[in-house]
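Worksheet: the structure to be examined is printed underneath.
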Amino acid sequence: MTEQMVDEPVADDSSGGRRGRRGLVVSIVAVLLAVLLAGHRAVPNVRGLGSLVDSAAPLLGLGVPLLGLAALLRRSRRALLVVLLPAVVWGALYGRAWLPPAASAGPTSLRVASQNLRSGNPDPAATVGALTAADVDLIGLQEVDDDDRVDAALGQRYPHRAAVSTVALWSRWPIRDAVGVDTGLGWDRALRAVVAAPQGDLVVYVVHLGSARAGHTATRDETLAALATAVRADPAPRLVVLGDLNTATTDRVFVPLARLLHDAQADAGQGFGFTWPAELPVTRPDHVLYRGLTPTAAGVLRTPDSDHRAVTAGFRW
């Protein structure tokens with residue numbers, strides 16, 4: 001009896017291989033994003049690259065929904081699970097900023113604002129008018145190049161003023177001992193003043209640090225270090241810094257100052273409080289930093305004719 005040879009189909013595992021590779025690229029990118037989020041300060045700070053990555057770190061979270069969408073389009077459950085890794089890392093690092101701030105007991109006794117007016121502002125009076133509407137007690141301004149119009153807008157409500165170069169402080173309460181602060185720019189673009197508030201003396205710094213550009217952050221870094229040195233040497237028990245520091249608190253070069261002062265937005269605000277550029281802000285170079293006070297509120301105010309939004313904060317003595 002003759003045996004018949006029957007050809008049996010060989011199982012094609014190419015589809016299984018394709019399924020295994022589906023979403024592989026998405027998974028790899030998700031892991032790399034998680035590593036970058038967790039270790040952004042390990043990026044070498046060559047020509048300011050590390051500072052740039054540090055400042056942009058909160059925005060890296062935008063990659064999570066994009067990767068999630070890519071995983072869905074690839075119909076890869078495995079990739080979708082891997083995308084949870086950068087989501088968890090981002091949440092651990094920055095999620096707290098979006099929680100409602102813990103309410104501080106007691107009334108607000110001090111309200112402050114800081115605004116970079118923008119050099120060449122066509123209507124600085126309109127810009128500072130938005131600040132007066134916020135009913136603050138102290139206003140710190142940077143890039144002031146038209147004192148007359150600013151004075152006319154603020155003088156009645158804020159009769160006390162101190163100015164050095166292009167930075168100035170307006171106050172409802174008397175100001176004394178106002179002096180320039182050397183931050184290493186070659187001219188003073190910062191001031192220190194003592195404000196005689198009803199509850200007691202308050203030292204206020206109004207600061208505009210050196211500019212930072214892609215690949216050129218050395219001047220900014222030096223001025224930030226100089227400011228930290230001045231604050232460290234200042235014996236004042238209650239102190240507030242208002243200004244455009246040209247970097248975000250996530251930047252590694254901010255660490256020496258962060259060890260000396262608290263950030264009002266982080267402690268009493270909600271969200272990242274981005275201020276620049278004003279039309280669609282993606283970073284926060286403008287700050288209210290403090291010690292010796294209890295923050296009760298913090299926020300951002302949209303003002304006309306400036307390329308920066310203003311920052312505000314409230315405190316209890």
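Going through the structure tokens in order, the chains are called A, B, and so on, while each chain numbers its residues from 1 and the ligands are numbered from 1 in the order shown.
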Residues near Val46 in chain A, cut-off 12 Å, only C-alpha atoms, skip fewer than 6 positions along chain, as JSON, numbers by chain: {"A": [52, 53, 214, 215, 216, 217, 218]}
Okay, now the selection with C-alpha atoms, as a tab-separated table (two decimals), in the first residue's frame?
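What landed in selection11.tsv:
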chain	number	residue	atom	x	y	z
A	52	LEU	CA	17.23	74.77	29.43
A	53	VAL	CA	16.14	71.18	30.04
A	214	ALA	CA	20.16	79.55	24.33
A	215	GLY	CA	23.84	78.76	24.73
A	216	HIS	CA	24.50	81.89	26.79
A	217	THR	CA	23.55	81.60	30.46
A	218	ALA	CA	26.84	82.46	32.19
Closest of A:Thr283, A:Arg232, A:Ala134, A:Ala196 to Ala313 in chain A - atom-to-atom distances counting only C-alpha atoms: A:Ala134
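The shortest atom-to-atom distance to Asp147 in chain A, with only C-alpha atoms taken into account, belongs to A:Pro124 out of A:Leu33, A:Thr229, A:Pro159, A:Pro124.
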Residues near Leu60 in chain A, cut-off 9 Å, only C-alpha atoms, skip fewer than 5 positions along chain, as a PyMOL selection string: chain A and resi 33+36-37+90
Near-Leu80 in chain A list (6 Å; only C-alpha atoms; drop same-chain fewer than 3 positions) as an MDAnalysis selection string: chainID A and resid 68 71 77 83
Return as a Markdown table the residues of range 179-291 of chain A lying at most 8 Å from range 102-122 of chain A, together with the closest atom-to-atom pair for each and the distance in Å to one decimal, counting only C-alpha atoms, with rows in chain order and ascending residue number.
| residue | atom | partner | partner_atom | distance |
| --- | --- | --- | --- | --- |
| A:Leu242 | CA | A:Ser114 | CA | 5.5 |
| A:Gly243 | CA | A:Ser114 | CA | 5.9 |
| A:Asp244 | CA | A:Asn116 | CA | 6.6 |
| A:Ala268 | CA | A:Ala102 | CA | 7.1 |
| A:Asp286 | CA | A:Ser114 | CA | 7.5 |
| A:His287 | CA | A:Ser114 | CA | 7.4 |
| A:Val288 | CA | A:Ser114 | CA | 7.4 |
Residues of the last selection are to be written out with N, CA and C atoms, as a short mmCIF file (atom, residue, chain, number, x, y, z; two decimals), in the first residue's frame.
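Below is the file that was written, again_30.cif:
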data_model
loop_
_atom_site.label_atom_id
_atom_site.label_comp_id
_atom_site.auth_asym_id
_atom_site.auth_seq_id
_atom_site.Cartn_x
_atom_site.Cartn_y
_atom_site.Cartn_z
N LEU A 242 11.20 90.28 44.93
CA LEU A 242 10.28 90.45 43.80
C LEU A 242 11.12 90.65 42.56
N GLY A 243 10.88 89.86 41.51
CA GLY A 243 11.68 90.17 40.34
C GLY A 243 11.65 89.15 39.23
N ASP A 244 12.29 89.57 38.15
CA ASP A 244 12.51 88.73 36.98
C ASP A 244 13.91 88.14 37.13
N ALA A 268 1.58 78.56 47.97
CA ALA A 268 0.22 79.08 48.14
C ALA A 268 -0.53 79.27 46.82
N ASP A 286 9.57 84.96 36.49
CA ASP A 286 9.17 86.00 37.45
C ASP A 286 8.74 85.34 38.76
N HIS A 287 9.20 85.91 39.89
CA HIS A 287 9.03 85.22 41.15
C HIS A 287 8.69 86.15 42.31
N VAL A 288 8.03 85.56 43.31
CA VAL A 288 7.91 86.15 44.64
C VAL A 288 8.48 85.12 45.60
#
Which residue of A:Ala258, A:Leu301, A:Ala264, A:Val164 approaches Ala97 in chain A most closely, using only C-alpha atoms: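 Looking at the shortest contact to Ala97 in chain A, the residue is A:Ala264.
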